[in-house]
>>> print(open('start-v6.txt').read())   # compact mmCIF, C-alpha atoms (C1' of nucleotides)
# COMPACT_ATOMS: atom_id res chain seq x y z
CA MET A 1 -149.84 -65.57 39.25
CA PRO A 2 -152.61 -68.23 39.31
CA GLU A 3 -151.02 -71.56 38.39
CA ASP A 4 -154.38 -72.96 37.26
CA ASP A 5 -154.62 -70.32 34.54
CA PRO A 6 -153.78 -72.14 31.29
CA LEU A 7 -152.82 -68.88 29.60
CA ALA A 8 -150.22 -67.84 32.15
CA HIS A 9 -147.26 -68.88 29.99
CA TYR A 10 -148.04 -66.69 27.02
CA PRO A 11 -146.26 -63.34 26.89
CA GLY A 12 -149.11 -61.66 25.02
CA TYR A 13 -151.54 -62.66 27.74
CA LEU A 14 -149.15 -61.69 30.53
CA LEU A 15 -148.51 -58.36 28.85
CA ARG A 16 -152.23 -57.72 28.77
CA ARG A 17 -152.88 -58.74 32.35
CA ALA A 18 -149.84 -56.91 33.73
CA SER A 19 -150.74 -53.81 31.75
CA ALA A 20 -154.38 -53.85 32.82
CA SER A 21 -153.39 -54.32 36.44
CA ALA A 22 -150.72 -51.62 36.45
CA LEU A 23 -152.78 -49.11 34.50
CA GLY A 24 -155.73 -49.79 36.76
CA VAL A 25 -153.73 -48.82 39.84
CA LEU A 26 -152.10 -45.81 38.20
CA GLY A 27 -155.38 -44.74 36.63
CA ARG A 28 -157.11 -44.69 40.01
CA ARG A 29 -154.30 -42.61 41.50
CA LEU A 30 -154.36 -40.14 38.63
CA GLY A 31 -158.14 -40.09 38.92
CA ALA A 32 -157.70 -38.62 42.39
CA LEU A 33 -156.04 -35.67 40.62
CA GLY A 34 -158.94 -35.42 38.20
CA LEU A 35 -156.92 -36.86 35.33
CA ARG A 36 -157.32 -39.85 33.07
CA TYR A 37 -154.22 -41.74 32.08
CA VAL A 38 -154.23 -40.35 28.55
CA GLU A 39 -154.69 -36.80 29.82
CA ALA A 40 -151.72 -37.16 32.16
CA SER A 41 -149.69 -38.47 29.21
CA LEU A 42 -150.53 -35.35 27.23
CA LEU A 43 -149.52 -33.07 30.09
CA MET A 44 -146.18 -34.90 30.29
CA VAL A 45 -145.50 -34.62 26.58
CA ILE A 46 -146.51 -30.97 26.26
CA GLY A 47 -144.54 -30.09 29.39
CA ALA A 48 -141.43 -31.76 28.03
CA ARG A 49 -141.82 -30.48 24.48
CA PRO A 50 -144.01 -27.38 24.38
CA GLY A 51 -145.21 -26.26 20.99
CA LEU A 52 -145.92 -29.68 19.54
CA THR A 53 -149.17 -29.86 17.62
CA GLN A 54 -151.88 -32.33 18.54
CA SER A 55 -151.24 -34.25 15.35
CA GLU A 56 -147.57 -34.63 16.29
CA ILE A 57 -148.46 -35.75 19.79
CA GLY A 58 -150.97 -38.18 18.36
CA ARG A 59 -148.31 -39.74 16.16
CA MET A 60 -145.96 -40.00 19.13
CA LEU A 61 -148.53 -41.70 21.37
CA GLU A 62 -150.31 -43.56 18.56
CA ILE A 63 -153.57 -41.73 19.09
CA GLN A 64 -155.38 -40.83 15.91
CA ARG A 65 -155.97 -37.23 14.93
CA ALA A 66 -159.71 -37.58 15.28
CA ASN A 67 -159.38 -39.01 18.78
CA MET A 68 -157.04 -36.26 19.92
CA VAL A 69 -159.74 -33.64 19.43
CA PRO A 70 -161.90 -34.33 22.50
CA ILE A 71 -158.84 -34.96 24.69
CA VAL A 72 -157.23 -31.62 23.87
CA ALA A 73 -160.60 -29.86 24.03
CA ARG A 74 -161.20 -31.19 27.55
CA LEU A 75 -157.78 -30.04 28.77
CA GLU A 76 -158.28 -26.67 27.13
CA ALA A 77 -161.76 -26.26 28.63
CA ARG A 78 -160.21 -26.80 32.07
CA GLY A 79 -157.66 -24.09 31.38
CA LEU A 80 -154.74 -26.51 31.50
CA LEU A 81 -153.35 -25.75 28.05
CA SER A 82 -153.50 -23.13 25.34
CA ARG A 83 -153.18 -23.28 21.58
CA ALA A 84 -150.87 -21.01 19.62
CA ARG A 85 -151.30 -20.88 15.86
CA THR A 86 -147.99 -21.48 14.11
CA ASP A 87 -149.54 -21.93 10.75
CA GLY A 88 -152.90 -21.38 9.14
CA ARG A 89 -153.78 -24.94 10.04
CA SER A 90 -151.42 -25.93 12.88
CA GLN A 91 -151.48 -24.93 16.51
CA GLY A 92 -148.71 -25.58 19.00
CA LEU A 93 -149.84 -26.68 22.45
CA HIS A 94 -148.50 -25.11 25.65
CA LEU A 95 -149.30 -25.70 29.31
CA SER A 96 -150.84 -22.93 31.36
CA ALA A 97 -149.58 -22.31 34.89
CA ALA A 98 -152.40 -24.51 36.20
CA GLY A 99 -151.48 -27.13 33.62
CA GLU A 100 -147.87 -27.05 34.71
CA ASP A 101 -148.89 -27.43 38.36
CA LEU A 102 -151.09 -30.40 37.53
CA ARG A 103 -148.38 -31.88 35.36
CA GLN A 104 -145.98 -31.82 38.27
CA ALA A 105 -148.53 -33.40 40.57
CA ALA A 106 -149.17 -36.13 38.01
CA LEU A 107 -145.46 -36.64 37.52
CA GLY A 108 -145.11 -37.14 41.27
CA GLU A 109 -147.82 -39.81 41.22
CA ILE A 110 -146.26 -41.53 38.23
CA GLU A 111 -142.82 -41.61 39.80
CA ARG A 112 -144.21 -42.83 43.09
CA PHE A 113 -145.98 -45.54 41.16
CA GLU A 114 -142.85 -46.52 39.26
CA THR A 115 -140.80 -46.70 42.47
CA GLU A 116 -143.40 -48.82 44.22
CA LEU A 117 -143.86 -51.16 41.26
CA THR A 118 -140.13 -51.69 40.94
CA ALA A 119 -139.75 -52.26 44.67
CA ARG A 120 -142.32 -55.05 44.46
CA LEU A 121 -140.32 -56.98 41.86
CA PRO A 122 -137.96 -59.76 42.97
CA GLU A 123 -134.47 -58.28 43.47
CA GLY A 124 -132.94 -59.92 40.43
CA LEU A 125 -135.55 -58.43 38.08
CA ARG A 126 -135.57 -54.87 39.40
CA GLY A 127 -132.89 -53.45 37.15
CA GLY A 128 -134.06 -54.99 33.90
CA ALA A 129 -137.76 -54.20 33.74
CA VAL A 130 -137.61 -51.03 31.66
CA ASP A 131 -135.18 -52.54 29.14
CA MET A 132 -137.28 -55.68 28.85
CA LEU A 133 -140.48 -53.73 28.28
CA ALA A 134 -138.83 -51.46 25.73
CA ALA A 135 -137.53 -54.56 23.93
CA LEU A 136 -140.97 -56.19 23.98
CA TRP A 137 -142.52 -53.03 22.61
CA ALA A 138 -139.96 -52.83 19.82
CA ALA A 139 -140.38 -56.53 19.06
CA ALA A 140 -144.16 -56.30 18.86
CA ALA A 141 -144.08 -53.06 16.88
CA GLY A 142 -141.76 -54.74 14.39
CA MET A 143 -144.31 -57.48 13.73
CA ASP A 144 -146.84 -55.10 12.25
CA MET B 1 -138.35 -46.98 20.93
CA PRO B 2 -138.54 -43.25 20.10
CA GLU B 3 -135.89 -41.46 22.17
CA ASP B 4 -137.77 -38.18 21.93
CA ASP B 5 -140.72 -39.65 23.82
CA PRO B 6 -140.46 -38.23 27.35
CA LEU B 7 -142.54 -41.10 28.76
CA ALA B 8 -140.29 -43.86 27.45
CA HIS B 9 -138.63 -44.52 30.81
CA TYR B 10 -141.77 -45.31 32.77
CA PRO B 11 -142.64 -48.99 33.09
CA GLY B 12 -146.37 -48.29 33.28
CA TYR B 13 -146.23 -46.45 29.97
CA LEU B 14 -144.01 -49.08 28.37
CA LEU B 15 -146.32 -51.81 29.60
CA ARG B 16 -149.24 -50.04 27.98
CA ARG B 17 -147.48 -49.41 24.68
CA ALA B 18 -145.98 -52.91 24.48
CA SER B 19 -149.31 -54.46 25.36
CA ALA B 20 -151.25 -52.38 22.83
CA SER B 21 -148.73 -53.19 20.13
CA ALA B 22 -148.58 -56.91 20.86
CA LEU B 23 -152.31 -57.33 21.30
CA GLY B 24 -152.89 -55.36 18.13
CA VAL B 25 -150.82 -57.82 16.10
CA LEU B 26 -152.26 -60.90 17.79
CA GLY B 27 -155.77 -59.50 17.60
CA ARG B 28 -155.49 -59.04 13.84
CA ARG B 29 -154.21 -62.59 13.40
CA LEU B 30 -157.00 -64.03 15.52
CA GLY B 31 -159.42 -61.83 13.63
CA ALA B 32 -158.52 -63.80 10.51
CA LEU B 33 -159.93 -66.83 12.34
CA GLY B 34 -163.09 -64.89 13.18
CA LEU B 35 -162.12 -64.55 16.84
CA ARG B 36 -161.57 -61.60 19.13
CA TYR B 37 -158.80 -61.83 21.66
CA VAL B 38 -161.18 -62.35 24.56
CA GLU B 39 -163.08 -65.05 22.68
CA ALA B 40 -159.87 -66.93 21.96
CA SER B 41 -159.00 -66.67 25.65
CA LEU B 42 -162.30 -68.28 26.56
CA LEU B 43 -161.75 -71.13 24.10
CA MET B 44 -158.32 -71.75 25.67
CA VAL B 45 -159.67 -71.79 29.20
CA ILE B 46 -162.68 -73.97 28.46
CA GLY B 47 -160.53 -76.34 26.42
CA ALA B 48 -158.05 -76.70 29.24
CA ARG B 49 -160.63 -76.90 32.02
CA PRO B 50 -164.00 -78.00 30.65
CA GLY B 51 -166.95 -77.62 32.97
CA LEU B 52 -166.00 -74.28 34.46
CA THR B 53 -168.92 -71.87 34.78
CA GLN B 54 -168.84 -68.45 33.19
CA SER B 55 -168.64 -66.84 36.60
CA GLU B 56 -165.55 -68.90 37.42
CA ILE B 57 -163.93 -68.03 34.11
CA GLY B 58 -164.78 -64.40 34.67
CA ARG B 59 -163.02 -64.44 38.02
CA MET B 60 -159.99 -66.12 36.46
CA LEU B 61 -159.70 -63.59 33.62
CA GLU B 62 -160.99 -60.62 35.63
CA ILE B 63 -164.04 -60.17 33.46
CA GLN B 64 -167.19 -59.29 35.36
CA ARG B 65 -170.19 -61.60 35.38
CA ALA B 66 -172.33 -59.11 33.49
CA ASN B 67 -169.73 -58.74 30.78
CA MET B 68 -169.32 -62.49 30.35
CA VAL B 69 -172.93 -62.84 29.19
CA PRO B 70 -172.61 -61.48 25.62
CA ILE B 71 -169.22 -63.16 25.12
CA VAL B 72 -170.52 -66.62 26.01
CA ALA B 73 -173.75 -66.00 24.12
CA ARG B 74 -171.81 -65.14 20.97
CA LEU B 75 -169.69 -68.30 21.18
CA GLU B 76 -172.77 -70.39 21.88
CA ALA B 77 -174.68 -68.84 18.97
CA ARG B 78 -171.81 -69.89 16.70
CA GLY B 79 -172.04 -73.46 17.99
CA LEU B 80 -168.58 -73.34 19.53
CA LEU B 81 -169.61 -74.23 23.06
CA SER B 82 -172.48 -75.77 24.99
CA ARG B 83 -173.83 -75.25 28.48
CA ALA B 84 -174.50 -78.13 30.86
CA ARG B 85 -176.51 -77.37 33.98
CA THR B 86 -174.67 -78.61 37.05
CA ASP B 87 -176.90 -76.79 39.45
CA GLY B 88 -180.19 -74.95 39.31
CA ARG B 89 -178.26 -71.78 38.71
CA SER B 90 -174.85 -72.85 37.37
CA GLN B 91 -173.90 -74.17 33.97
CA GLY B 92 -170.58 -75.73 33.09
CA LEU B 93 -169.16 -74.73 29.71
CA HIS B 94 -167.79 -77.27 27.21
CA LEU B 95 -166.39 -76.91 23.71
CA SER B 96 -168.20 -78.47 20.78
CA ALA B 97 -166.19 -80.27 18.12
CA ALA B 98 -166.17 -77.06 16.09
CA GLY B 99 -165.10 -75.16 19.18
CA GLU B 100 -162.25 -77.56 19.78
CA ASP B 101 -161.12 -77.22 16.16
CA LEU B 102 -161.16 -73.45 16.40
CA ARG B 103 -159.39 -73.57 19.75
CA GLN B 104 -156.56 -75.53 18.19
CA ALA B 105 -156.31 -73.13 15.29
CA ALA B 106 -156.21 -70.19 17.71
CA LEU B 107 -153.63 -71.96 19.84
CA GLY B 108 -151.48 -72.38 16.75
CA GLU B 109 -151.69 -68.65 16.04
CA ILE B 110 -150.90 -67.78 19.64
CA GLU B 111 -147.87 -70.04 19.74
CA ARG B 112 -146.64 -68.78 16.41
CA PHE B 113 -147.04 -65.27 17.77
CA GLU B 114 -145.15 -66.09 20.96
CA THR B 115 -142.30 -67.68 19.04
CA GLU B 116 -142.01 -64.74 16.68
CA LEU B 117 -142.17 -62.17 19.47
CA THR B 118 -139.49 -63.97 21.46
CA ALA B 119 -137.28 -64.32 18.41
CA ARG B 120 -137.42 -60.57 17.91
CA LEU B 121 -136.02 -59.86 21.37
CA PRO B 122 -132.30 -59.29 21.84
CA GLU B 123 -130.64 -62.60 22.67
CA GLY B 124 -129.96 -61.80 26.30
CA LEU B 125 -133.61 -61.03 27.02
CA ARG B 126 -135.19 -64.00 25.27
CA GLY B 127 -135.24 -66.37 28.20
CA GLY B 128 -136.52 -63.95 30.82
CA ALA B 129 -139.53 -62.29 29.24
CA VAL B 130 -142.24 -64.54 30.66
CA ASP B 131 -140.80 -64.42 34.18
CA MET B 132 -140.44 -60.66 34.03
CA LEU B 133 -144.01 -60.17 32.86
CA ALA B 134 -145.37 -62.54 35.48
CA ALA B 135 -143.42 -60.62 38.12
CA LEU B 136 -144.72 -57.28 36.84
CA TRP B 137 -148.26 -58.60 36.90
CA ALA B 138 -147.87 -59.86 40.44
CA ALA B 139 -146.25 -56.59 41.52
CA ALA B 140 -149.01 -54.46 40.03
CA ALA B 141 -151.77 -56.73 41.32
CA GLY B 142 -150.29 -56.43 44.79
CA MET B 143 -150.62 -52.65 44.70
CA ASP B 144 -154.39 -52.77 44.53
C1' DT C 1 -177.95 -64.35 52.84
C1' DA C 2 -174.96 -65.28 49.04
C1' DT C 3 -174.40 -66.72 44.26
C1' DT C 4 -175.54 -67.44 39.05
C1' DG C 5 -177.09 -65.73 35.18
C1' DT C 6 -179.19 -61.91 33.28
C1' DT C 7 -180.77 -57.05 31.58
C1' DA C 8 -180.01 -52.37 31.07
C1' DT C 9 -177.04 -48.65 30.88
C1' DA C 10 -173.10 -45.60 30.67
C1' DC C 11 -168.37 -44.39 29.96
C1' DT C 12 -163.85 -44.86 27.86
C1' DC C 13 -160.98 -46.04 24.13
C1' DT C 14 -160.40 -46.97 19.46
C1' DA C 15 -161.40 -46.97 14.36
C1' DT C 16 -163.13 -45.06 9.86
C1' DA C 17 -164.95 -41.91 6.69
C1' DA C 18 -165.65 -37.50 5.33
C1' DC C 19 -165.48 -32.37 5.41
C1' DT C 20 -162.85 -27.53 5.55
C1' DA C 21 -159.09 -24.78 5.26
C1' DT C 22 -154.73 -24.31 4.60
C1' DA C 23 -149.95 -25.58 2.60
C1' DT D 1 -151.85 -33.32 -3.62
C1' DA D 2 -150.97 -33.65 1.25
C1' DT D 3 -151.76 -32.09 5.98
C1' DA D 4 -154.24 -30.09 10.45
C1' DG D 5 -158.12 -29.85 12.73
C1' DT D 6 -162.71 -31.26 12.97
C1' DT D 7 -167.36 -33.85 13.00
C1' DA D 8 -169.99 -37.88 13.19
C1' DT D 9 -170.37 -42.53 14.05
C1' DA D 10 -169.59 -47.26 15.22
C1' DG D 11 -167.28 -50.92 17.63
C1' DA D 12 -165.00 -52.77 21.49
C1' DG D 13 -163.98 -53.09 26.51
C1' DT D 14 -165.27 -52.05 31.03
C1' DA D 15 -168.19 -50.54 35.11
C1' DT D 16 -172.41 -50.36 38.15
C1' DA D 17 -177.02 -51.30 39.65
C1' DA D 18 -180.68 -54.15 39.80
C1' DC D 19 -183.66 -58.44 39.31
C1' DA D 20 -185.17 -63.54 39.36
C1' DA D 21 -184.07 -68.08 40.46
C1' DT D 22 -181.53 -70.97 43.29
C1' DA D 23 -178.42 -72.43 47.05
>>> encode(input="start-v6.txt", output="structure tokens")
Amino acid sequence: MPEDDPLAHYPGYLLRRASASALGVLGRRLGALGLRYVEASLLMVIGARPGLTQSEIGRMLEIQRANMVPIVARLEARGLLSRARTDGRSQGLHLSAAGEDLRQAALGEIERFETELTARLPEGLRGGAVDMLAALWAAAAGMD
Amino acid sequence: MPEDDPLAHYPGYLLRRASASALGVLGRRLGALGLRYVEASLLMVIGARPGLTQSEIGRMLEIQRANMVPIVARLEARGLLSRARTDGRSQGLHLSAAGEDLRQAALGEIERFETELTARLPEGLRGGAVDMLAALWAAAAGMD
DNA sequence: TATTGTTATACTCTATAACTATA
DNA sequence: TATAGTTATAGAGTATAACAATA
């Protein structure tokens, strides 16, 4: 955006600024539902694939086991999810009715956000954003 | 990337994952130079536009005044930059010789990173990444 | 009154090491 | 030996409120 910003031609920088800007907006909207971004992500994943353990979800979202603990505990304390032992050490996560309601509300916000973001892109770029971002993710992940 | 990730079609999510992945790689490379990402950004900006104050740089990079203080102090303590009063309350920032050397080393890493990231994109997407990211940034910033 | 630099503080996210109990 | 969940802790990044000096 600002043409006097000497970093504006670097994709890493642009990725960071675009991400911070987008997540800021979405985070504030989810905050109105009482959810942080990461909490909404968990509701989405558990809703789509009930029974996953928190370790499995952590691997999927690249959140470490230790850092999953307070996130899941917070959602459980609010009665949004329940744990079902599948194993002496594993517990599958499932949404409660309240969790499912909140998941749908969050999904509505996320889809409204996606629609609005896409609508604000120049016409020629609208169709390709998701593919480009997926490709950038794959490219960066491959550099590890 | 993972087709069993139910969030993989949302640009906000992809932006976050791509950004985290890319910045992780670049951050580790800059770390080998003894720099954090935000410190390297400051070296770039001051190198390109010497004399800017830390408040001005903060506005450019969306870092708040209060949070600029320890960043600038750290770079100054390492002898990478100096402050020149321009005003009773303002101080323009300039790179020292060591700061300029480190800036060039960091720039080399950043450009190597950019080249490698771009090379890892599918051919058809290589040319459009920067424009797409700039458009996404502008779109998200406009939603504030 | 507004701005610069600053201090203090708190919250979120992320990272590591270690423990326990199960497999 | 490896894994799931957990605890504790430290490092970053980010946010707000307030103050002194200056414009």
>>> closest_residue(input="start-v6.txt", among="B:Val130, B:Arg89, B:Pro11, B:Ala105", to="DA20 (chain D)", atoms="all atoms listed in the file")
B:Arg89
>>> residues_near_point(input="start-v6.txt", point="(-147.3, -55.7, 10.8)", cutoff="10 Å", atoms="only C-alpha atoms (C1' of nucleotides)", output="mmCIF file with C-alpha atoms, in the coordinates of the input")
data_model
loop_
_atom_site.group_PDB
_atom_site.id
_atom_site.type_symbol
_atom_site.label_atom_id
_atom_site.label_comp_id
_atom_site.auth_asym_id
_atom_site.auth_seq_id
_atom_site.Cartn_x
_atom_site.Cartn_y
_atom_site.Cartn_z
ATOM 1 C CA ALA A 140 -144.160 -56.300 18.860
ATOM 2 C CA ALA A 141 -144.080 -53.060 16.880
ATOM 3 C CA GLY A 142 -141.760 -54.740 14.390
ATOM 4 C CA MET A 143 -144.310 -57.480 13.730
ATOM 5 C CA ASP A 144 -146.840 -55.100 12.250
ATOM 6 C CA SER B 21 -148.730 -53.190 20.130
ATOM 7 C CA GLY B 24 -152.890 -55.360 18.130
ATOM 8 C CA VAL B 25 -150.820 -57.820 16.100
ATOM 9 C CA ARG B 28 -155.490 -59.040 13.840
#
>>> atom_distance(input="start-v6.txt", atom1="CA of Leu23 (chain B)", atom2="CA of Arg16 (chain A)")
7.5 Å
>>> residues_around(input="start-v6.txt", residues="Leu125 (chain B)", least_positions_apart="4", cutoff="12 Å", atoms="all atoms listed in the file", output="CSV table (one decimal) with C-alpha atoms, keeping the file's coordinate frame")
chain,number,residue,atom,x,y,z
A,125,LEU,CA,-135.6,-58.4,38.1
A,128,GLY,CA,-134.1,-55.0,33.9
A,129,ALA,CA,-137.8,-54.2,33.7
A,130,VAL,CA,-137.6,-51.0,31.7
A,131,ASP,CA,-135.2,-52.5,29.1
A,132,MET,CA,-137.3,-55.7,28.8
A,133,LEU,CA,-140.5,-53.7,28.3
A,134,ALA,CA,-138.8,-51.5,25.7
A,135,ALA,CA,-137.5,-54.6,23.9
A,136,LEU,CA,-141.0,-56.2,24.0
A,139,ALA,CA,-140.4,-56.5,19.1
B,117,LEU,CA,-142.2,-62.2,19.5
B,118,THR,CA,-139.5,-64.0,21.5
B,119,ALA,CA,-137.3,-64.3,18.4
B,120,ARG,CA,-137.4,-60.6,17.9
B,121,LEU,CA,-136.0,-59.9,21.4
B,129,ALA,CA,-139.5,-62.3,29.2
B,130,VAL,CA,-142.2,-64.5,30.7
B,131,ASP,CA,-140.8,-64.4,34.2
B,132,MET,CA,-140.4,-60.7,34.0
B,133,LEU,CA,-144.0,-60.2,32.9
>>> axis_aligned_box(input="start-v6.txt", around="region 5-23 of chain C", padding_each_side="8 Å", output="lines of an AutoDock Vina configuration file")
center_x = -165.4
center_y = -45.0
center_z = 18.9
size_x = 46.8
size_y = 57.4
size_z = 48.6
>>> residues_around(input="start-v6.txt", residues="DA8 (chain C)", least_positions_apart="4", cutoff="12 Å", atoms="only C-alpha atoms (C1' of nucleotides)", output="list of chain:residue names")
B:Ala66, D:DT16, D:DA17, D:DA18, D:DC19
>>> atom_distance(input="start-v6.txt", atom1="CA of Leu52 (chain B)", atom2="CA of Thr115 (chain B)")
29.0 Å
>>> residues_around(input="start-v6.txt", residues="region 34-38 of chain B", least_positions_apart="4", cutoff="9 Å", atoms="all atoms listed in the file", output="list in words")
Leu23, Leu26, Gly27, Arg28, Arg29, Leu30, Leu42, Leu43, Ile71, Leu102 and Ala106 of chain B
>>> residues_around(input="start-v6.txt", residues="Gly79 (chain B)", least_positions_apart="3", cutoff="7 Å", atoms="only C-alpha atoms (C1' of nucleotides)", output="JSON, numbers by chain")
{"B": [75, 76, 96]}
>>> atom_distance(input="start-v6.txt", atom1="CA of Ile63 (chain B)", atom2="CA of Arg112 (chain B)")
25.8 Å
>>> interface_residues(input="start-v6.txt", of="chain C", to="chain B", cutoff="12 Å", atoms="all atoms listed in the file", output="ChimeraX atom specification")
/C:3-9,13-14
>>> residues_near_point(input="start-v6.txt", point="(-169.7, -47.0, 28.5)", cutoff="8 Å", atoms="all atoms listed in the file", output="PyMOL selection string")
(chain C and resi 9-12) or (chain D and resi 14-15)
>>> closest_residue(input="start-v6.txt", among="A:Pro50, A:Gly127, A:Gly99, A:Pro122", to="chain B", atoms="only C-alpha atoms")
A:Pro122
>>> interface_residues(input="start-v6.txt", of="chain D", to="chain A", cutoff="10 Å", atoms="all atoms listed in the file", output="list in words")
DT3, DA4, DG5, DT6 and DT7 of chain D
